[in-house]
$ cat query-v3.txt   # compact mmCIF, C-alpha atoms and all ligand atoms
# COMPACT_ATOMS: atom_id res chain seq x y z
CA MET A 269 8.42 23.70 3.74
CA ARG A 270 7.71 21.32 6.62
CA ALA A 271 7.77 17.63 5.70
CA ARG A 272 4.35 15.94 5.51
CA LYS A 273 3.83 13.48 8.37
CA ILE A 274 2.76 10.04 7.18
CA ILE A 275 2.17 6.60 8.68
CA ILE A 276 2.69 3.71 6.25
CA ASP A 277 0.49 0.68 7.03
CA THR A 278 1.96 -2.23 5.16
CA ASP A 279 2.27 -5.96 4.44
CA PRO A 280 5.72 -6.24 2.75
CA GLY A 281 5.67 -7.66 -0.06
CA GLN A 282 8.18 -6.50 -2.66
CA ASP A 283 6.02 -3.62 -3.90
CA ASP A 284 5.44 -2.46 -0.32
CA ALA A 285 9.21 -2.50 0.13
CA VAL A 286 9.71 -0.22 -2.86
CA ALA A 287 7.01 2.13 -1.53
CA ILE A 288 8.75 2.33 1.86
CA LEU A 289 12.11 3.04 0.17
CA LEU A 290 10.54 5.78 -1.96
CA ALA A 291 9.10 7.42 1.14
CA LEU A 292 12.38 7.20 3.06
CA ALA A 293 14.24 8.70 0.09
CA SER A 294 11.94 11.72 -0.05
CA PRO A 295 12.58 14.67 2.28
CA GLU A 296 9.09 16.00 1.58
CA LEU A 297 7.81 13.17 3.77
CA ASP A 298 8.30 12.48 7.47
CA VAL A 299 7.58 8.79 8.13
CA VAL A 300 6.47 9.09 11.77
CA GLY A 301 5.83 5.36 11.94
CA ILE A 302 5.35 2.15 10.01
CA THR A 303 2.58 -0.23 11.08
CA THR A 304 2.57 -3.79 9.82
CA VAL A 305 -0.44 -5.98 9.11
CA ALA A 306 -1.01 -9.57 7.98
CA GLY A 307 -1.60 -9.75 4.25
CA ASN A 308 0.83 -10.87 1.57
CA VAL A 309 2.44 -13.06 4.22
CA PRO A 310 1.64 -13.60 7.93
CA LEU A 311 2.32 -10.82 10.46
CA PRO A 312 5.65 -12.13 11.81
CA LEU A 313 7.04 -11.94 8.28
CA THR A 314 5.55 -8.57 7.35
CA SER A 315 6.96 -7.21 10.62
CA LYS A 316 10.39 -8.71 9.87
CA ASN A 317 10.33 -7.50 6.27
CA ALA A 318 9.51 -3.91 7.19
CA ARG A 319 12.66 -3.90 9.35
CA VAL A 320 14.73 -5.49 6.57
CA VAL A 321 13.69 -2.64 4.26
CA CYS A 322 14.39 0.12 6.78
CA GLU A 323 17.84 -1.35 7.49
CA LEU A 324 18.51 -1.56 3.75
CA ALA A 325 17.76 2.18 3.61
CA GLY A 326 20.01 2.81 6.62
CA ARG A 327 17.00 3.96 8.60
CA GLU A 328 17.11 1.93 11.80
CA ASP A 329 15.58 5.00 13.47
CA VAL A 330 12.14 4.40 11.96
CA ARG A 331 9.59 3.11 14.47
CA ILE A 332 7.90 -0.08 13.26
CA PHE A 333 4.87 -1.41 15.15
CA ALA A 334 3.38 -4.86 14.57
CA GLY A 335 -0.38 -4.83 14.16
CA CYS A 336 -3.26 -7.18 13.49
CA ASP A 337 -2.43 -10.76 12.58
CA ARG A 338 -5.76 -11.52 10.92
CA PRO A 339 -8.74 -9.73 9.35
CA MET A 340 -11.54 -8.35 11.55
CA ALA A 341 -14.06 -11.04 10.76
CA ARG A 342 -12.51 -13.62 8.47
CA LYS A 343 -9.67 -16.08 8.09
CA LEU A 344 -6.42 -14.64 6.74
CA VAL A 345 -5.74 -15.11 3.04
CA THR A 346 -2.08 -14.66 2.03
CA ALA A 347 -0.24 -14.34 -1.31
CA GLU A 348 2.97 -16.35 -1.14
CA TYR A 349 2.19 -17.43 -4.70
CA VAL A 350 3.04 -13.86 -5.75
CA HIS A 351 5.62 -12.71 -3.19
CA GLY A 352 7.31 -16.02 -2.26
CA LYS A 353 7.43 -17.70 1.13
CA SER A 354 9.45 -14.91 2.75
CA GLY A 355 7.33 -12.17 1.25
CA LEU A 356 10.53 -10.58 -0.10
CA ASP A 357 11.78 -13.35 -2.36
CA GLY A 358 14.18 -12.32 -5.14
CA ILE A 359 17.17 -11.51 -2.97
CA THR A 360 18.39 -12.72 0.43
CA LEU A 361 19.08 -9.80 2.75
CA PRO A 362 20.44 -10.02 6.30
CA ASP A 363 17.95 -10.67 9.09
CA PRO A 364 17.11 -7.37 10.81
CA THR A 365 18.84 -6.39 14.04
CA MET A 366 16.64 -3.35 14.77
CA PRO A 367 13.82 -4.23 17.18
CA LEU A 368 10.14 -3.64 16.67
CA ALA A 369 8.83 -0.62 18.57
CA GLU A 370 7.04 -1.38 21.82
CA GLY A 371 3.27 -1.66 21.60
CA HIS A 372 0.61 -2.67 19.11
CA ALA A 373 0.22 -0.82 15.83
CA VAL A 374 -3.42 -0.01 16.57
CA ASP A 375 -2.45 1.66 19.86
CA PHE A 376 0.27 3.60 18.03
CA LEU A 377 -2.20 4.81 15.39
CA ILE A 378 -4.59 6.00 18.12
CA GLU A 379 -1.92 7.64 20.29
CA CYS A 380 -0.16 9.30 17.36
CA LEU A 381 -3.38 10.77 15.92
CA ARG A 382 -4.41 12.03 19.38
CA GLU A 383 -0.98 13.59 20.05
CA GLU A 384 -0.50 15.21 16.64
CA ALA A 385 -2.59 18.22 15.67
CA PRO A 386 -5.81 17.53 13.79
CA GLY A 387 -5.01 17.27 10.08
CA ALA A 388 -1.28 16.75 10.68
CA VAL A 389 -0.98 13.07 9.77
CA THR A 390 -1.75 11.28 6.48
CA LEU A 391 -2.38 7.53 6.57
CA CYS A 392 -0.89 5.46 3.72
CA PRO A 393 -2.34 1.93 3.87
CA ILE A 394 -0.79 -0.37 1.26
CA GLY A 395 -2.11 -3.69 2.58
CA PRO A 396 -5.39 -4.96 4.05
CA LEU A 397 -7.11 -2.21 6.08
CA THR A 398 -7.42 -4.17 9.33
CA ASN A 399 -5.20 -1.93 11.49
CA ILE A 400 -6.81 1.30 10.29
CA ALA A 401 -10.38 0.06 10.70
CA THR A 402 -9.65 -1.44 14.13
CA ALA A 403 -8.21 1.89 15.30
CA PHE A 404 -11.24 3.78 13.94
CA ARG A 405 -13.62 1.39 15.69
CA ARG A 406 -11.72 1.49 19.00
CA ALA A 407 -11.21 5.27 19.02
CA PRO A 408 -13.76 7.09 16.84
CA ASP A 409 -12.36 10.42 18.07
CA ILE A 410 -9.26 9.98 15.89
CA VAL A 411 -11.24 9.77 12.64
CA PRO A 412 -11.71 13.53 12.10
CA ARG A 413 -8.06 14.07 13.06
CA VAL A 414 -6.78 12.19 10.00
CA ALA A 415 -5.68 14.59 7.26
CA GLU A 416 -6.21 12.14 4.41
CA ILE A 417 -5.99 8.45 3.59
CA VAL A 418 -4.07 7.59 0.43
CA LEU A 419 -4.40 3.86 -0.11
CA MET A 420 -3.59 1.16 -2.61
CA GLY A 421 -6.57 -1.11 -3.11
CA GLY A 422 -9.65 -1.86 -5.13
CA ALA A 423 -10.41 -1.98 -8.80
CA TYR A 424 -13.21 -0.99 -11.16
CA PHE A 425 -12.48 -1.15 -14.89
CA GLU A 426 -9.53 -3.46 -14.24
CA VAL A 427 -11.70 -5.85 -12.14
CA GLY A 428 -10.10 -8.13 -9.52
CA ASN A 429 -6.69 -9.76 -9.18
CA VAL A 430 -7.46 -12.30 -6.45
CA THR A 431 -11.03 -13.12 -7.58
CA PRO A 432 -12.74 -12.00 -10.78
CA ALA A 433 -14.30 -9.16 -8.77
CA ALA A 434 -11.92 -8.20 -5.96
CA GLU A 435 -8.43 -6.75 -5.48
CA PHE A 436 -6.30 -8.45 -2.81
CA ASN A 437 -6.04 -5.72 -0.11
CA ILE A 438 -9.80 -5.20 -0.05
CA TYR A 439 -10.62 -8.89 -0.45
CA VAL A 440 -8.54 -9.96 2.57
CA ASP A 441 -10.54 -7.70 4.90
CA PRO A 442 -13.69 -6.34 3.26
CA GLU A 443 -15.27 -5.42 6.61
CA ALA A 444 -12.26 -3.24 7.40
CA ALA A 445 -12.44 -1.63 3.98
CA GLU A 446 -16.14 -0.91 4.47
CA ILE A 447 -15.32 0.91 7.74
CA VAL A 448 -12.56 2.97 6.12
CA PHE A 449 -14.57 3.93 3.02
CA GLY A 450 -17.50 4.85 5.25
CA SER A 451 -15.42 6.86 7.73
CA GLY A 452 -15.81 10.28 6.14
CA VAL A 453 -12.03 10.78 6.00
CA PRO A 454 -10.88 12.23 2.62
CA ILE A 455 -9.65 9.19 0.67
CA VAL A 456 -7.50 8.87 -2.43
CA VAL A 457 -7.62 5.40 -3.98
CA MET A 458 -4.86 3.88 -6.13
CA PRO A 459 -6.75 0.91 -7.65
CA LEU A 460 -5.56 -1.72 -10.09
CA ASP A 461 -6.98 0.60 -12.77
CA VAL A 462 -3.89 2.74 -12.15
CA THR A 463 -1.29 0.27 -10.92
CA HIS A 464 -1.75 -2.02 -13.91
CA LYS A 465 -0.58 0.90 -16.04
CA ALA A 466 2.67 1.19 -14.08
CA LEU A 467 4.41 -1.95 -15.32
CA THR A 468 8.03 -2.93 -14.63
CA THR A 469 9.38 -3.17 -18.15
CA ARG A 470 12.86 -4.61 -18.72
CA ALA A 471 14.30 -1.14 -19.29
CA ARG A 472 12.80 0.12 -16.04
CA VAL A 473 14.12 -2.81 -14.02
CA GLU A 474 17.58 -2.42 -15.59
CA ALA A 475 17.46 1.28 -14.67
CA PHE A 476 17.07 0.19 -11.03
CA ARG A 477 20.03 -2.20 -11.39
CA ALA A 478 22.10 0.46 -13.15
CA LEU A 479 21.95 2.61 -10.02
CA GLY A 480 24.84 0.39 -8.88
CA THR A 481 23.75 0.56 -5.24
CA ARG A 482 22.57 -2.05 -2.71
CA VAL A 483 19.11 -0.49 -2.92
CA GLY A 484 19.10 -0.53 -6.72
CA HIS A 485 20.25 -4.14 -6.78
CA ALA A 486 17.63 -5.18 -4.21
CA VAL A 487 14.78 -3.41 -6.00
CA ALA A 488 15.78 -4.92 -9.36
CA SER A 489 16.03 -8.38 -7.78
CA TRP A 490 12.65 -8.02 -6.08
CA THR A 491 10.95 -6.90 -9.29
CA ASP A 492 12.62 -9.68 -11.27
CA PHE A 493 10.97 -12.13 -8.86
CA PHE A 494 7.70 -10.27 -8.29
CA GLU A 495 6.89 -9.78 -11.99
CA ARG A 496 6.93 -13.44 -12.98
CA PHE A 497 3.41 -14.05 -11.57
CA ASP A 498 1.71 -11.14 -13.35
CA MET A 499 3.57 -11.77 -16.61
CA ALA A 500 2.41 -15.39 -16.62
CA LYS A 501 -1.17 -14.49 -15.65
CA TYR A 502 -1.71 -11.42 -17.84
CA GLY A 503 0.90 -12.02 -20.54
CA SER A 504 2.08 -8.50 -19.75
CA GLU A 505 5.56 -7.07 -20.31
CA GLY A 506 6.12 -6.66 -16.60
CA ALA A 507 4.40 -6.45 -13.23
CA PRO A 508 2.40 -3.59 -11.73
CA LEU A 509 4.34 -1.78 -9.01
CA HIS A 510 1.21 -1.21 -6.96
CA ASP A 511 2.17 0.32 -3.62
CA PRO A 512 4.75 2.94 -4.68
CA CYS A 513 1.88 4.70 -6.52
CA VAL A 514 0.59 5.83 -3.10
CA ILE A 515 3.87 7.52 -2.20
CA ALA A 516 4.34 8.93 -5.71
CA TYR A 517 0.92 10.60 -5.37
CA LEU A 518 2.08 12.38 -2.21
CA LEU A 519 5.20 13.60 -4.03
CA GLN A 520 3.78 14.40 -7.46
CA PRO A 521 -0.05 14.23 -7.52
CA ASP A 522 -0.18 15.48 -11.10
CA LEU A 523 1.17 12.13 -12.25
CA PHE A 524 -2.35 10.79 -11.68
CA THR A 525 -5.87 11.49 -12.89
CA GLY A 526 -9.15 10.30 -11.44
CA ARG A 527 -12.66 11.18 -10.32
CA HIS A 528 -14.26 11.99 -6.98
CA VAL A 529 -17.00 9.37 -6.82
CA ASN A 530 -18.90 7.08 -4.48
CA VAL A 531 -17.14 3.81 -3.65
CA GLU A 532 -18.86 1.06 -1.69
CA VAL A 533 -17.34 -2.25 -0.62
CA GLU A 534 -19.18 -5.52 -1.15
CA THR A 535 -19.09 -7.54 2.09
CA LYS A 536 -21.81 -10.11 1.36
CA GLY A 537 -21.66 -11.21 -2.29
CA ASP A 538 -21.03 -14.88 -2.96
CA PHE A 539 -19.10 -13.99 -6.12
CA THR A 540 -18.26 -10.33 -5.51
CA LEU A 541 -16.95 -10.28 -1.93
CA GLY A 542 -14.37 -7.49 -1.59
CA MET A 543 -15.37 -5.72 -4.79
CA THR A 544 -15.02 -1.92 -4.74
CA VAL A 545 -18.18 -0.72 -6.44
CA ALA A 546 -17.02 2.63 -7.82
CA ASP A 547 -19.84 4.78 -9.20
CA TRP A 548 -17.56 6.10 -11.97
CA TRP A 549 -20.53 7.26 -14.10
CA ARG A 550 -22.32 8.75 -11.07
CA VAL A 551 -25.57 6.84 -11.65
CA THR A 552 -26.45 5.98 -8.05
CA GLY A 553 -26.80 9.41 -6.49
CA ARG A 554 -24.75 8.15 -3.56
CA ALA A 555 -22.43 10.75 -2.02
CA ALA A 556 -18.88 10.80 -3.35
CA ASN A 557 -16.45 9.50 -0.69
CA ALA A 558 -13.22 8.88 -2.58
CA MET A 559 -10.92 10.27 -5.26
CA PHE A 560 -10.69 7.12 -7.38
CA MET A 561 -7.67 7.24 -9.67
CA GLY A 562 -7.78 5.91 -13.22
CA GLY A 563 -4.77 7.29 -15.06
CA ILE A 564 -1.01 7.57 -14.49
CA ASP A 565 1.95 9.07 -16.32
CA ALA A 566 3.96 5.85 -16.12
CA GLU A 567 7.15 7.33 -17.54
CA GLY A 568 6.98 10.16 -15.03
CA PHE A 569 6.28 7.70 -12.22
CA TYR A 570 9.34 5.59 -12.99
CA ALA A 571 11.53 8.68 -13.45
CA LEU A 572 10.48 9.90 -10.01
CA LEU A 573 10.92 6.47 -8.42
CA THR A 574 14.34 5.74 -9.95
CA GLY A 575 15.60 9.23 -9.25
CA ARG A 576 14.61 8.99 -5.59
CA LEU A 577 15.96 5.46 -5.09
CA ALA A 578 19.30 6.78 -6.37
CA ARG A 579 19.50 8.92 -3.24
CA LEU A 580 19.58 5.92 -0.87
O1 LIG B 1 -3.39 -6.15 -5.06
C1 LIG B 1 -2.13 -5.58 -4.85
C2 LIG B 1 -1.89 -5.31 -3.40
O2 LIG B 1 -1.93 -6.54 -2.69
C3 LIG B 1 -0.50 -4.70 -3.12
O3 LIG B 1 -0.56 -3.89 -1.98
C4 LIG B 1 0.34 -5.91 -2.84
O4 LIG B 1 1.44 -5.62 -1.98
C5 LIG B 1 -0.65 -6.79 -2.11
O5 LIG B 1 -0.66 -6.37 -0.74
CA CA B 2 0.92 -4.33 -0.08
$ encode --input "query-v3.txt" --output "structure tokens" --more "lines below"
Ligand code: RIB
Ligand code: CA
Amino acid sequence: MRARKIIIDTDPGQDDAVAILLALASPELDVVGITTVAGNVPLPLTSKNARVVCELAGREDVRIFAGCDRPMARKLVTAEYVHGKSGLDGITLPDPTMPLAEGHAVDFLIECLREEAPGAVTLCPIGPLTNIATAFRRAPDIVPRVAEIVLMGGAYFEVGNVTPAAEFNIYVDPEAAEIVFGSGVPIVVMPLDVTHKALTTRARVEAFRALGTRVGHAVASWTDFFERFDMAKYGSEGAPLHDPCVIAYLLQPDLFTGRHVNVEVETKGDFTLGMTVADWWRVTGRAANAMFMGGIDAEGFYALLTGRLARL
């Protein structure tokens, strides 16, 4: 079976890092490129961190393209309060020696989608959607060539994590999210409704550490750091490992349940900017444009994740 071609668009971030490692550990997936975007931390750091992660996985061959350094129409909002100043706080890893690939991430997205056959490439955005939306705006011809978008972002029943109404990835660039959700590309959404059910319990973090590898140690150290914010805010037993849910869906979709519904993005609300208005009860009559996930087999997710990380 040919490996599925994916592009990971990312703002590492500890959970992004785990998602990238899961993808690189999985032969079902062919990571044809990683594109970085400003989000959790500014672009220079997300671009550095993506290389740190690929080197940790021994994958200096992966092409990493730096992308947009700010949202389409707003000032950048970052999340050092969650991820630390470096974006990968929790363990100090060597500075990367692999270079960034030549060219801007948006140009790579356009060229790759034009060169690959229609329906050959799946986009996996796990940060603000600035790069994806900018590529769609600049080259509308690539939109129908995208096989599927599987993204981490949004929230409905779980409400927001950066404001009472909005999840971080959507909130940082709501105009970009509006473009992506309105693009007509088949979209699978991993919202906080799902990721908040995939918590890093002590046993799960110790299972990472018990792998006895550099990767296992790094992932355990990252989650030890990353979880302190959510545990303090929510009083939860651990932190949601948001971004790896996107990759887990590609590997084992039956770990998740959801509904195909209409999702609109609020771009004007004084109090609701960045909210994903998911018509879960189908009351609006608006056309469904996204598979909005709501449930996860958390045990199965962590078994998959830990088992794959063991391969690196
Ligand atoms: O709200 C969670 C999302 O915001 C995750 O992708 C995390 O990495 C941050 O980017
Ligand atoms: Ca992210």
$ closest_residue --input "query-v3.txt" --among "A:Gly563, A:Gly326, A:Pro339, A:Gly281" --to "A:Tyr517" --atoms "all atoms listed in the file"
A:Gly563
$ closest_residue --input "query-v3.txt" --among "A:Leu541, A:Ala466, A:Pro442, A:Met366" --to "A:Glu505" --atoms "all atoms listed in the file"
A:Ala466
$ closest_residue --input "query-v3.txt" --among "A:Met340, A:Leu391, A:Val430, A:Leu289" --to "A:Phe539" --atoms "only C-alpha atoms"
A:Val430
$ residues_near_ligand --input "query-v3.txt" --ligand "ligand LIG 1 (chain B)" --cutoff "6 Å" --atoms "only C-alpha atoms and all ligand atoms" --output "number ranges by chain"
A: 279, 281, 283-284, 308, 394-395, 420, 435-437, 510-511
$ write_last_selection --input "query-v3.txt" --atoms "C-alpha atoms" --output "PDB file, in the coordinates of the input"
ATOM      1  CA  ASP A 279       2.270  -5.960   4.440  1.00  0.00           C
ATOM      2  CA  GLY A 281       5.670  -7.660  -0.060  1.00  0.00           C
ATOM      3  CA  ASP A 283       6.020  -3.620  -3.900  1.00  0.00           C
ATOM      4  CA  ASP A 284       5.440  -2.460  -0.320  1.00  0.00           C
ATOM      5  CA  ASN A 308       0.830 -10.870   1.570  1.00  0.00           C
ATOM      6  CA  ILE A 394      -0.790  -0.370   1.260  1.00  0.00           C
ATOM      7  CA  GLY A 395      -2.110  -3.690   2.580  1.00  0.00           C
ATOM      8  CA  MET A 420      -3.590   1.160  -2.610  1.00  0.00           C
ATOM      9  CA  GLU A 435      -8.430  -6.750  -5.480  1.00  0.00           C
ATOM     10  CA  PHE A 436      -6.300  -8.450  -2.810  1.00  0.00           C
ATOM     11  CA  ASN A 437      -6.040  -5.720  -0.110  1.00  0.00           C
ATOM     12  CA  HIS A 510       1.210  -1.210  -6.960  1.00  0.00           C
ATOM     13  CA  ASP A 511       2.170   0.320  -3.620  1.00  0.00           C
TER      14      ASP A 511
END
$ closest_residue --input "query-v3.txt" --among "A:Lys501, A:Arg405, A:Arg527, A:Arg576" --to "A:Val457" --atoms "only C-alpha atoms"
A:Arg527
$ axis_aligned_box --input "query-v3.txt" --around "stretch 295-310 of chain A" --padding-each-side "8 Å" --output "lines of an AutoDock Vina configuration file"
center_x = 5.5
center_y = 1.2
center_z = 6.8
size_x = 30.2
size_y = 45.6
size_z = 26.4
